>>> print(open('query_2.cif').read())   # mmCIF, C-alpha atoms
data_upload
#
loop_
_atom_site.label_atom_id
_atom_site.label_comp_id
_atom_site.auth_asym_id
_atom_site.auth_seq_id
_atom_site.Cartn_x
_atom_site.Cartn_y
_atom_site.Cartn_z
CA MET M 1 16.58 3.35 45.57
CA ASN M 2 15.28 4.71 42.29
CA PRO M 3 15.20 1.71 39.88
CA ALA M 4 16.38 4.01 37.08
CA GLU M 5 19.77 4.39 38.79
CA PHE M 6 20.81 0.74 38.56
CA ALA M 7 21.70 0.79 34.86
CA THR M 8 23.72 3.97 35.36
CA LEU M 9 25.54 2.36 38.29
CA ALA M 10 26.38 -0.72 36.25
CA ARG M 11 28.13 1.51 33.68
CA ALA M 12 29.94 3.67 36.23
CA GLU M 13 31.05 1.36 39.05
CA HIS M 14 34.06 -0.08 37.25
CA ASN M 15 35.80 3.15 36.26
CA LEU M 16 34.27 6.36 37.63
CA TRP M 17 36.56 8.31 39.96
CA TRP M 18 34.17 8.19 42.95
CA PHE M 19 33.86 4.41 42.95
CA ARG M 20 37.59 3.83 42.45
CA GLY M 21 38.50 6.32 45.16
CA MET M 22 35.94 5.19 47.73
CA GLN M 23 36.92 1.56 47.19
CA ARG M 24 40.57 2.46 47.81
CA ILE M 25 39.58 4.32 50.99
CA LEU M 26 37.44 1.44 52.24
CA PHE M 27 40.14 -1.18 51.78
CA GLY M 28 42.77 1.08 53.31
CA LEU M 29 40.61 1.27 56.44
CA LEU M 30 39.46 -2.34 56.39
CA ASP M 31 42.59 -4.36 55.60
CA PRO M 32 44.25 -3.96 59.04
CA LEU M 33 40.98 -4.81 60.78
CA VAL M 34 40.33 -8.06 58.89
CA ARG M 35 43.92 -9.30 59.00
CA GLY M 36 44.03 -12.58 60.92
CA ARG M 37 40.23 -12.97 60.98
CA SER M 38 38.42 -15.90 59.43
CA LEU M 39 35.68 -14.46 57.22
CA ALA M 40 34.33 -17.42 55.30
CA ARG M 41 30.70 -16.29 54.85
CA VAL M 42 29.99 -12.64 54.04
CA LEU M 43 26.64 -10.96 53.45
CA ASP M 44 26.41 -7.97 51.11
CA ALA M 45 23.16 -6.46 52.39
CA GLY M 46 21.81 -4.22 49.65
CA CYS M 47 24.18 -5.42 46.94
CA GLY M 48 22.68 -3.37 44.10
CA THR M 49 24.23 -4.49 40.80
CA GLY M 50 26.53 -6.92 42.63
CA HIS M 51 29.69 -5.14 41.50
CA PHE M 52 31.20 -4.68 44.96
CA ALA M 53 30.26 -8.20 46.04
CA GLY M 54 32.24 -9.39 43.03
CA VAL M 55 35.20 -7.24 44.08
CA LEU M 56 35.14 -8.72 47.59
CA GLN M 57 34.86 -12.24 46.26
CA GLU M 58 37.78 -11.84 43.86
CA ARG M 59 40.04 -9.76 46.10
CA CYS M 60 39.51 -11.52 49.41
CA GLY M 61 38.40 -15.02 48.46
CA TRP M 62 35.34 -14.84 50.69
CA ARG M 63 32.09 -16.68 50.05
CA LEU M 64 29.64 -13.89 49.24
CA PHE M 65 25.90 -13.87 49.80
CA PRO M 66 24.57 -10.83 47.87
CA ALA M 67 21.04 -9.70 48.74
CA ASP M 68 18.90 -6.82 47.53
CA VAL M 69 15.22 -5.96 47.52
CA ALA M 70 15.31 -4.53 43.99
CA ARG M 71 14.80 -6.87 41.06
CA GLU M 72 16.48 -4.35 38.71
CA GLY M 73 19.78 -4.61 40.57
CA LEU M 74 19.65 -8.39 40.88
CA ASP M 75 18.95 -8.77 37.15
CA LEU M 76 22.23 -6.96 36.47
CA ALA M 77 24.03 -8.98 39.14
CA ARG M 78 22.93 -12.23 37.50
CA ALA M 79 24.95 -11.29 34.42
CA THR M 80 28.13 -11.48 36.53
CA ALA M 81 29.95 -14.44 38.04
CA LEU M 82 28.06 -14.08 41.32
CA SER M 83 26.00 -16.89 42.80
CA ARG M 84 23.76 -17.17 45.88
CA LEU M 85 21.87 -14.01 44.88
CA THR M 86 18.80 -13.42 47.03
CA GLN M 87 15.94 -10.98 46.67
CA ALA M 88 15.27 -9.82 50.21
CA ASP M 89 14.40 -6.80 52.32
CA ILE M 90 17.39 -6.23 54.60
CA SER M 91 15.05 -5.34 57.44
CA ARG M 92 13.69 -8.93 57.22
CA LEU M 93 16.68 -11.04 56.22
CA PRO M 94 15.91 -14.70 55.34
CA TYR M 95 18.94 -16.10 57.18
CA ARG M 96 19.39 -17.86 60.49
CA ASP M 97 20.90 -16.22 63.56
CA GLY M 98 24.70 -16.11 63.46
CA SER M 99 24.91 -17.08 59.79
CA PHE M 100 27.72 -14.72 58.75
CA ASP M 101 31.27 -13.77 59.66
CA ALA M 102 30.81 -10.27 58.21
CA VAL M 103 28.03 -8.04 56.93
CA PHE M 104 28.69 -5.25 54.44
CA SER M 105 26.03 -2.65 53.74
CA LEU M 106 27.21 0.25 51.59
CA ASP M 107 25.02 3.30 50.95
CA VAL M 108 21.84 1.44 51.86
CA LEU M 109 20.65 2.71 55.26
CA VAL M 110 20.16 6.19 53.77
CA HIS M 111 17.18 4.85 51.80
CA PHE M 112 15.24 3.99 54.97
CA PRO M 113 12.90 6.59 56.49
CA ARG M 114 14.57 8.05 59.55
CA GLY M 115 14.08 5.72 62.49
CA GLU M 116 13.51 2.58 60.40
CA GLU M 117 17.26 2.05 59.95
CA ARG M 118 17.21 0.63 63.49
CA VAL M 119 15.28 -2.42 62.24
CA ALA M 120 17.95 -3.15 59.60
CA MET M 121 20.73 -2.72 62.17
CA SER M 122 18.96 -5.17 64.47
CA GLU M 123 18.88 -7.67 61.61
CA PHE M 124 22.60 -7.18 60.94
CA ALA M 125 23.30 -7.95 64.59
CA ARG M 126 21.07 -11.01 64.48
CA VAL M 127 22.65 -12.66 61.42
CA LEU M 128 26.24 -11.97 62.52
CA ARG M 129 28.06 -14.54 64.60
CA PRO M 130 29.78 -13.38 67.81
CA GLY M 131 33.06 -11.76 66.79
CA GLY M 132 31.69 -10.96 63.32
CA LEU M 133 32.32 -7.66 61.58
CA LEU M 134 29.85 -5.04 60.40
CA VAL M 135 30.99 -2.65 57.64
CA LEU M 136 28.72 0.31 56.86
CA ARG M 137 28.99 3.25 54.51
CA VAL M 138 26.39 6.01 54.48
CA SER M 139 25.94 9.49 53.07
CA ALA M 140 26.88 12.20 55.58
CA LEU M 141 25.57 15.62 56.62
CA ASP M 142 22.22 17.07 55.57
CA ALA M 143 23.92 20.19 54.17
CA LEU M 144 25.43 18.03 51.42
CA ARG M 145 22.13 16.71 50.10
CA SER M 146 21.99 17.14 46.32
CA ARG M 147 19.92 16.61 43.17
CA HIS M 148 21.53 13.17 43.00
CA SER M 149 20.34 12.45 46.55
CA MET M 150 16.79 13.29 45.56
CA PHE M 151 17.00 11.27 42.33
CA THR M 152 18.18 8.14 44.12
CA ARG M 153 15.44 8.63 46.77
CA GLU M 154 17.83 9.07 49.65
CA ARG M 155 15.72 9.66 52.76
CA GLN M 156 18.32 10.55 55.36
CA ARG M 157 21.98 11.36 55.94
CA PHE M 158 24.08 10.71 59.03
CA THR M 159 26.50 12.41 61.37
CA ARG M 160 29.33 10.44 62.94
CA GLY M 161 27.72 10.68 66.38
CA ARG M 162 24.38 9.32 65.19
CA LEU M 163 25.93 6.44 63.26
CA VAL M 164 28.15 5.41 66.18
CA ARG M 165 25.20 5.63 68.55
CA LEU M 166 23.09 3.46 66.21
CA ALA M 167 25.79 0.78 66.18
CA ARG M 168 26.26 0.82 69.95
CA GLU M 169 22.52 0.69 70.62
CA ASN M 170 22.47 -2.58 68.68
CA GLY M 171 25.26 -4.09 70.75
CA PHE M 172 28.22 -3.44 68.44
CA ARG M 173 31.71 -2.41 69.52
CA VAL M 174 32.91 0.30 67.12
CA LEU M 175 36.43 -0.28 65.80
CA ARG M 176 36.66 2.67 63.37
CA CYS M 177 34.35 5.39 62.19
CA THR M 178 35.55 8.12 59.89
CA TYR M 179 34.22 10.61 57.41
CA ALA M 180 35.49 10.29 53.84
CA ASN M 181 35.42 12.32 50.62
CA THR M 182 36.55 15.21 52.78
CA LEU M 183 38.82 17.32 50.60
CA LEU M 184 36.08 17.93 48.03
CA VAL M 185 33.57 19.20 50.63
CA PRO M 186 34.10 22.93 49.78
CA ILE M 187 33.37 22.22 46.11
CA ALA M 188 30.36 20.11 47.06
CA LEU M 189 28.93 22.87 49.23
CA VAL M 190 29.20 25.42 46.43
CA ARG M 191 27.64 23.04 43.95
CA PHE M 192 24.84 21.67 46.13
CA ARG M 193 23.91 24.79 48.13
CA LEU M 194 24.50 27.52 45.53
CA TRP M 195 24.80 26.26 41.97
CA GLU M 196 22.10 23.57 41.91
CA PRO M 197 19.45 25.80 43.60
CA LEU M 198 20.20 28.53 41.06
CA LEU M 199 19.73 26.15 38.12
CA ARG M 200 16.43 24.80 39.50
CA LYS M 201 16.80 21.62 37.48
CA PRO M 202 14.92 18.45 38.42
CA PRO M 203 16.66 15.65 40.34
CA ALA M 204 19.15 13.70 38.23
CA SER M 205 21.80 11.02 38.58
CA GLY M 206 25.27 12.24 39.52
CA THR M 207 27.09 9.11 38.36
CA ALA M 208 27.48 10.07 34.70
CA PRO M 209 31.00 9.76 33.21
CA VAL M 210 33.18 12.86 33.08
CA ALA M 211 36.11 13.81 30.85
CA PRO M 212 39.18 11.64 31.51
CA TRP M 213 41.27 14.60 32.73
CA LEU M 214 38.53 15.59 35.21
CA ASP M 215 38.09 12.00 36.35
CA ARG M 216 41.82 11.81 37.19
CA LEU M 217 41.71 15.18 38.95
CA LEU M 218 38.70 14.27 41.12
CA TYR M 219 40.27 10.92 42.03
CA LEU M 220 43.42 12.50 43.49
CA PRO M 221 41.86 13.87 46.72
CA LEU M 222 40.36 10.45 47.45
CA ALA M 223 43.75 8.81 46.88
CA VAL M 224 45.27 11.21 49.42
CA GLU M 225 42.51 10.48 51.92
CA SER M 226 43.00 6.73 51.49
CA LYS M 227 46.59 7.09 52.71
CA LEU M 228 45.56 9.19 55.72
CA ILE M 229 42.80 6.77 56.71
CA ALA M 230 45.02 3.72 56.17
CA ALA M 231 47.54 5.36 58.53
CA GLY M 232 44.88 5.43 61.26
CA MET M 233 43.51 8.98 60.92
CA ASN M 234 39.77 9.53 61.32
CA LEU M 235 38.74 12.51 59.18
CA PRO M 236 36.55 15.10 60.97
CA LEU M 237 34.16 15.93 58.11
CA GLY M 238 33.13 14.52 54.76
CA GLN M 239 30.46 13.57 52.29
CA SER M 240 30.43 9.91 53.41
CA LEU M 241 30.85 7.99 56.65
CA ILE M 242 32.45 4.56 57.02
CA LEU M 243 31.99 2.49 60.16
CA VAL M 244 33.52 -0.86 61.05
CA ALA M 245 32.21 -2.57 64.19
CA GLU M 246 32.39 -5.96 65.86
CA LYS M 247 29.63 -8.03 67.43
CA PRO M 248 30.95 -9.00 70.90
#
>>> encode(input="query_2.cif", output="structure tokens")
Amino acid sequence: MNPAEFATLARAEHNLWWFRGMQRILFGLLDPLVRGRSLARVLDAGCGTGHFAGVLQERCGWRLFPADVAREGLDLARATALSRLTQADISRLPYRDGSFDAVFSLDVLVHFPRGEERVAMSEFARVLRPGGLLVLRVSALDALRSRHSMFTRERQRFTRGRLVRLARENGFRVLRCTYANTLLVPIALVRFRLWEPLLRKPPASGTAPVAPWLDRLLYLPLAVESKLIAAGMNLPLGQSLILVAEKP
């Protein structure tokens, strides 16, 4: 990822509508699947600033092992209450086979050149114990690529079929896979396919704060989606994909 984005993320992750809404969606999907499971050791593969690892640690009481290849993200993570931070390439993880009960990797595989994500997935399978959970989130659909995508150096986006196939090819049993950030897709298409090309501006971060009224308005569709997904519905289209799978 573009190193310049880490400082922006550190300012936005706590309060910006997208992060609040996507976190609500993720936990709505995940909570029923982790209920009754013992998840003592959890790897956050590509932890960035460490914000979400901190959320998992506080909310769930799990022992987190945050890892990222980027020094810029880890420097920010060290300012938090996180420990066990590791600088590592997730395609060459420095952990033994079967080390973890769960692996989270959110918005990381999109930064691999197409085809090289298979190496990271193989590593996730290796470090998970049998019965362990894999939780992935990726950007979805090439038509929704934006100036923000280019700025963060996103190299690929996924369809549901390709992400499910990637998981199954690495021996995982898929428990849920759904699109998310669905209701805002029409607005995204207008912005990314019409408005941004017309402006011809250079790539730029899309995680800047917005006016409080707009932040609340943009959060509402994600709150609605969180309820649908928590009720068991898999959405047919969206700007993101979330997959939860189990290592047999």
>>> residues_around(input="query_2.cif", residues="M:Asp215", least_positions_apart="2", cutoff="12 Å", atoms="only C-alpha atoms", output="ChimeraX atom specification")
/M:12,15-21,207-213,217-222
>>> atom_distance(input="query_2.cif", atom1="atom CA of M:Ala81", atom2="atom CA of M:Ile242")
27.0 Å
>>> atom_distance(input="query_2.cif", atom1="atom CA of M:Phe192", atom2="atom CA of M:Ala204")
12.6 Å
>>> residues_around(input="query_2.cif", residues="stretch 67-69 of chain M", least_positions_apart="3", cutoff="7 Å", atoms="only C-alpha atoms", output="ChimeraX atom specification")
/M:44-48,74,85-89
>>> atom_distance(input="query_2.cif", atom1="atom CA of M:Ala7", atom2="atom CA of M:Leu93")
24.9 Å
>>> closest_residue(input="query_2.cif", among="M:Leu141, M:Leu214, M:Ala77, M:Ala102", to="M:Thr182", atoms="all atoms listed in the file")
M:Leu141
>>> closest_residue(input="query_2.cif", among="M:Val185, M:Leu9, M:Ala180, M:Val164", to="M:Gly73", atoms="only C-alpha atoms")
M:Leu9
>>> residues_around(input="query_2.cif", residues="M:Arg37", least_positions_apart="4", cutoff="12 Å", atoms="all atoms listed in the file", output="PyMOL selection string")
chain M and resi 30-33+41+60+62+101-102+131-133+246
>>> closest_residue(input="query_2.cif", among="M:Leu199, M:Ala79, M:Leu241, M:Val174", to="M:Ala140", atoms="all atoms listed in the file")
M:Leu241
>>> resolve_selection(input="query_2.cif", expression="the PyMOL selection byres ((chain M and resi 203) around 9)", output="MDAnalysis selection string")
chainID M and resid 146:152 201:202 204:205
>>> build_atoms(input="query_2.cif", residues="stretch 19-45 of chain M", atoms="N, CA, C and O atoms", output="mmCIF file, in the frame of the given file")
data_model
loop_
_atom_site.group_PDB
_atom_site.id
_atom_site.type_symbol
_atom_site.label_atom_id
_atom_site.label_comp_id
_atom_site.auth_asym_id
_atom_site.auth_seq_id
_atom_site.Cartn_x
_atom_site.Cartn_y
_atom_site.Cartn_z
ATOM 1 N N PHE M 19 33.862 5.812 42.553
ATOM 2 C CA PHE M 19 33.860 4.410 42.950
ATOM 3 C C PHE M 19 35.286 3.896 43.156
ATOM 4 O O PHE M 19 35.554 3.160 44.118
ATOM 5 N N ARG M 20 36.202 4.262 42.280
ATOM 6 C CA ARG M 20 37.590 3.830 42.450
ATOM 7 C C ARG M 20 38.179 4.397 43.732
ATOM 8 O O ARG M 20 38.846 3.695 44.505
ATOM 9 N N GLY M 21 37.935 5.675 43.978
ATOM 10 C CA GLY M 21 38.500 6.320 45.160
ATOM 11 C C GLY M 21 37.904 5.823 46.453
ATOM 12 O O GLY M 21 38.628 5.552 47.424
ATOM 13 N N MET M 22 36.581 5.655 46.496
ATOM 14 C CA MET M 22 35.940 5.190 47.730
ATOM 15 C C MET M 22 36.283 3.736 48.018
ATOM 16 O O MET M 22 36.386 3.341 49.180
ATOM 17 N N GLN M 23 36.482 2.941 46.969
ATOM 18 C CA GLN M 23 36.920 1.560 47.190
ATOM 19 C C GLN M 23 38.325 1.540 47.780
ATOM 20 O O GLN M 23 38.613 0.764 48.702
ATOM 21 N N ARG M 24 39.204 2.394 47.276
ATOM 22 C CA ARG M 24 40.570 2.460 47.810
ATOM 23 C C ARG M 24 40.545 2.894 49.276
ATOM 24 O O ARG M 24 41.271 2.347 50.111
ATOM 25 N N ILE M 25 39.714 3.872 49.602
ATOM 26 C CA ILE M 25 39.580 4.320 50.990
ATOM 27 C C ILE M 25 39.072 3.193 51.877
ATOM 28 O O ILE M 25 39.603 2.945 52.967
ATOM 29 N N LEU M 26 38.041 2.497 51.419
ATOM 30 C CA LEU M 26 37.440 1.440 52.240
ATOM 31 C C LEU M 26 38.448 0.332 52.537
ATOM 32 O O LEU M 26 38.581 -0.105 53.683
ATOM 33 N N PHE M 27 39.183 -0.101 51.539
ATOM 34 C CA PHE M 27 40.140 -1.180 51.780
ATOM 35 C C PHE M 27 41.328 -0.707 52.605
ATOM 36 O O PHE M 27 41.884 -1.484 53.398
ATOM 37 N N GLY M 28 41.707 0.548 52.464
ATOM 38 C CA GLY M 28 42.770 1.080 53.310
ATOM 39 C C GLY M 28 42.385 1.052 54.778
ATOM 40 O O GLY M 28 43.219 0.794 55.657
ATOM 41 N N LEU M 29 41.114 1.323 55.067
ATOM 42 C CA LEU M 29 40.610 1.270 56.440
ATOM 43 C C LEU M 29 40.426 -0.170 56.906
ATOM 44 O O LEU M 29 40.748 -0.538 58.032
ATOM 45 N N LEU M 30 39.918 -1.005 56.006
ATOM 46 C CA LEU M 30 39.460 -2.340 56.390
ATOM 47 C C LEU M 30 40.582 -3.365 56.521
ATOM 48 O O LEU M 30 40.541 -4.230 57.407
ATOM 49 N N ASP M 31 41.575 -3.296 55.650
ATOM 50 C CA ASP M 31 42.590 -4.360 55.600
ATOM 51 C C ASP M 31 43.236 -4.649 56.957
ATOM 52 O O ASP M 31 43.354 -5.820 57.342
ATOM 53 N N PRO M 32 43.653 -3.635 57.729
ATOM 54 C CA PRO M 32 44.250 -3.960 59.040
ATOM 55 C C PRO M 32 43.261 -4.597 60.014
ATOM 56 O O PRO M 32 43.662 -5.354 60.902
ATOM 57 N N LEU M 33 41.978 -4.306 59.842
ATOM 58 C CA LEU M 33 40.980 -4.810 60.780
ATOM 59 C C LEU M 33 40.553 -6.247 60.478
ATOM 60 O O LEU M 33 40.054 -6.943 61.365
ATOM 61 N N VAL M 34 40.719 -6.691 59.230
ATOM 62 C CA VAL M 34 40.330 -8.060 58.890
ATOM 63 C C VAL M 34 41.526 -9.015 58.906
ATOM 64 O O VAL M 34 41.346 -10.231 58.839
ATOM 65 N N ARG M 35 42.728 -8.451 59.014
ATOM 66 C CA ARG M 35 43.920 -9.300 59.000
ATOM 67 C C ARG M 35 43.876 -10.284 60.182
ATOM 68 O O ARG M 35 43.670 -9.899 61.328
ATOM 69 N N GLY M 36 44.037 -11.563 59.882
ATOM 70 C CA GLY M 36 44.030 -12.580 60.920
ATOM 71 C C GLY M 36 42.647 -13.092 61.282
ATOM 72 O O GLY M 36 42.518 -14.005 62.102
ATOM 73 N N ARG M 37 41.589 -12.516 60.697
ATOM 74 C CA ARG M 37 40.230 -12.970 60.980
ATOM 75 C C ARG M 37 39.787 -13.996 59.926
ATOM 76 O O ARG M 37 40.146 -13.888 58.759
ATOM 77 N N SER M 38 38.993 -14.933 60.350
ATOM 78 C CA SER M 38 38.420 -15.900 59.430
ATOM 79 C C SER M 38 37.033 -15.407 58.996
ATOM 80 O O SER M 38 36.097 -15.386 59.801
ATOM 81 N N LEU M 39 36.942 -14.979 57.751
ATOM 82 C CA LEU M 39 35.680 -14.460 57.220
ATOM 83 C C LEU M 39 35.253 -15.330 56.044
ATOM 84 O O LEU M 39 35.433 -14.972 54.882
ATOM 85 N N ALA M 40 34.685 -16.459 56.349
ATOM 86 C CA ALA M 40 34.330 -17.420 55.300
ATOM 87 C C ALA M 40 33.013 -17.046 54.616
ATOM 88 O O ALA M 40 32.876 -17.170 53.400
ATOM 89 N N ARG M 41 32.034 -16.593 55.383
ATOM 90 C CA ARG M 41 30.700 -16.290 54.850
ATOM 91 C C ARG M 41 30.407 -14.814 55.075
ATOM 92 O O ARG M 41 30.401 -14.344 56.218
ATOM 93 N N VAL M 42 30.146 -14.092 53.976
ATOM 94 C CA VAL M 42 29.990 -12.640 54.040
ATOM 95 C C VAL M 42 28.709 -12.239 53.324
ATOM 96 O O VAL M 42 28.483 -12.604 52.160
ATOM 97 N N LEU M 43 27.886 -11.480 54.014
ATOM 98 C CA LEU M 43 26.640 -10.960 53.450
ATOM 99 C C LEU M 43 26.864 -9.553 52.916
ATOM 100 O O LEU M 43 27.397 -8.694 53.617
ATOM 101 N N ASP M 44 26.462 -9.324 51.660
ATOM 102 C CA ASP M 44 26.410 -7.970 51.110
ATOM 103 C C ASP M 44 24.940 -7.564 51.126
ATOM 104 O O ASP M 44 24.165 -7.940 50.251
ATOM 105 N N ALA M 45 24.561 -6.809 52.155
ATOM 106 C CA ALA M 45 23.160 -6.460 52.390
ATOM 107 C C ALA M 45 22.816 -5.176 51.645
ATOM 108 O O ALA M 45 23.202 -4.082 52.042
#
